[in-house]
Amino acid sequence: RPFSDSIKELVSTDQPVLSMAAKHFFQKRHGKRTRPVIIQLMSKAVAACEPERLVEDRGRWEYSGASIVDVDGGVVTSSNHQGSDVWRKQGQLGQIVEMIHVASLIHDDVLDEADTRRGGEAVHKLYSNKVAVLAGDYLLARASVLLARLENTAVVQIMATALESLVAGEIMQLKSSPEELLQMESYLRKSYYKTASLICYACRSTALLGGHAYGSTVATACEEFGFHLGLAFQIQDDILDFTAAADVLGKPALADMSLGLSTAPILYAAQEFPHLQPLVKRRFKKQGDKQTALEALYKSKTAMNKAKNLAKFHAQKAADALLRIPQSDARDALLRLTYVVITRKK
């Protein structure tokens, strides 16, 4: 069944307004569905990997977390994966991750007072702030119920940590000190919390659901891939904020600067032009600050290229992590996806 149809059923409720608000992004504005696609491909890639035979003390935490696999032969393979209980649970994880992601978008739009999202009106603009907050809360609640049904406590813990990271990222964005606003390390940490954490934890969870232990080479490679792909994805998003038109992005251009946020292109420009640093520290609050910053960015011969190279660096690291698992069509598709992430225009 189409992804949108199945996920709409999962978020149905007997409260009409809440139901419509919760279904909004799944019904009309499909988005890229990047996260469920990553999880589907990752589930096929790890099915081609033979679980490691860990000979040391199996009581140690590194060797825990793998789901008990109920398939012919007791091991998931490319031939018995599709249609199995493992395949079904990994598919459900993709739905759960998309629910968590959409809930974070709804809440972010309320906090940022955004008017549009995915080419349409933001949920709080269609209904109200209260309905939008409740719709986001409801999606998180539904995701939590479905997560528990996966019957893997390690996966529940991992994905709960991802939720914690999303909140930490939002707080960091709101409360960063003036000095932290200038630090590339702080920017990357926030990008990890807000974007990469959900992807990397979901990738490791996919491996665990496929019968691989938490500390296995496969599960670790999956998480490293998600970590670096998530950072590359966010850095490319931040580049597009300056280079793509609003109608292509599906959300307002220059949105980050309007919120007083400095991303990789501006941070590199501030290294080249020190007069930008006070503007960054005060979150572009004075009249003319944004214009001055933009002029410096477009005048710079290195800032945008440095940002693009940073995205390429993390995309290459993601590819390197993938190359630690056996070759398969799904793994090769994920490798191609790393290229798509840093060359996309929206």
# chains A, B, ... in the order shown; residues from 1 in each chain; ligands from 1
$ residues_around --residues "Phe233 (chain A)" --least-positions-apart "4" --cutoff "8 Å" --atoms "only C-alpha atoms" --output "ChimeraX atom specification"
/A:229,237,311,341-342
$ write_last_selection --atoms "N, CA and C atoms" --output "compact mmCIF listing (two decimals), in the first residue's frame"
# COMPACT_ATOMS: atom_id res chain seq x y z
N LEU A 229 25.25 11.51 7.02
CA LEU A 229 24.26 11.89 6.00
C LEU A 229 23.35 13.00 6.54
N ASP A 237 20.78 22.01 3.20
CA ASP A 237 19.57 22.80 3.45
C ASP A 237 19.93 24.25 3.73
N ALA A 311 29.67 20.02 3.43
CA ALA A 311 28.60 19.06 3.11
C ALA A 311 29.18 17.85 2.39
N VAL A 341 21.75 13.99 -1.91
CA VAL A 341 21.58 14.89 -0.76
C VAL A 341 22.35 16.19 -0.94
N ILE A 342 23.57 16.11 -1.49
CA ILE A 342 24.40 17.32 -1.59
C ILE A 342 24.32 18.00 -2.96
$ select_by_dssp --residues "region 59-306 of chain A" --states "helix (DSSP H, G or I)" --output "PyMOL selection string"
chain A and resi 61-63+72-74+85-112+123-126+129-148+153-175+180-182+184-209+217-243+246-249+255-258+264-272+274-281+289-299+303-306
$ select_by_dssp --residues "region 115-167 of chain A" --states "strand (DSSP E)" --output "list in words"
Thr116, Arg117, Gly120 and Glu121 of chain A
$ write_last_selection --atoms "C-alpha atoms" --output "mmCIF file, in the first residue's frame"
data_model
loop_
_atom_site.group_PDB
_atom_site.id
_atom_site.type_symbol
_atom_site.label_atom_id
_atom_site.label_comp_id
_atom_site.auth_asym_id
_atom_site.auth_seq_id
_atom_site.Cartn_x
_atom_site.Cartn_y
_atom_site.Cartn_z
ATOM 1 C CA THR A 116 4.476 27.988 5.015
ATOM 2 C CA ARG A 117 5.825 24.452 5.035
ATOM 3 C CA GLY A 120 1.543 24.925 1.656
ATOM 4 C CA GLU A 121 0.273 26.679 4.722
#
$ closest_residue --among "A:Ala196, A:Ala122, A:Val46, A:Leu41" --to "Phe227 (chain A)" --atoms "only C-alpha atoms"
A:Ala196
$ residues_around --residues "Gln291 (chain A)" --least-positions-apart "6" --cutoff "12 Å" --atoms "only C-alpha atoms" --output "PyMOL selection string"
chain A and resi 254+257-258+276+279+284-285+297-298
$ closest_atom_pairs --of "region 216-309 of chain A" --to "region 167-191 of chain A" --cutoff "10 Å" --atoms "only C-alpha atoms" --output "tab-separated table"
residue	atom	partner	partner_atom	distance
A:Gly230	CA	A:Ser191	CA	8.2
A:Leu231	CA	A:Ser191	CA	6.4
A:Ala232	CA	A:Ser191	CA	9.6
A:Phe233	CA	A:Ser191	CA	9.5
A:Gln234	CA	A:Ser191	CA	6.5
A:Ile235	CA	A:Ser191	CA	8.1
A:Leu259	CA	A:Leu174	CA	9.5
A:Gly260	CA	A:Leu181	CA	9.4
A:Leu261	CA	A:Leu181	CA	7.5
A:Ser262	CA	A:Leu181	CA	6.7
A:Thr263	CA	A:Tyr187	CA	6.7
A:Ala264	CA	A:Met184	CA	7.2
A:Ile266	CA	A:Leu182	CA	9.4
A:Leu267	CA	A:Leu182	CA	6.5
A:Tyr268	CA	A:Met184	CA	8.5
A:Ala270	CA	A:Leu182	CA	8.1
A:Gln271	CA	A:Leu182	CA	9.1
A:Leu276	CA	A:Leu182	CA	9.9
A:Gln277	CA	A:Leu182	CA	7.1
A:Pro278	CA	A:Pro178	CA	8.7
A:Leu279	CA	A:Pro178	CA	9.8
A:Val280	CA	A:Leu181	CA	6.7
A:Lys281	CA	A:Pro178	CA	4.3
A:Arg282	CA	A:Pro178	CA	6.7
A:Arg283	CA	A:Pro178	CA	8.1
$ atom_distance --atom1 "CA of Thr34 (chain A)" --atom2 "CA of Val155 (chain A)"
20.3 Å
$ closest_residue --among "A:Ala45, A:Ala333, A:Val17, A:Val102" --to "Ser128 (chain A)" --atoms "only C-alpha atoms"
A:Val17
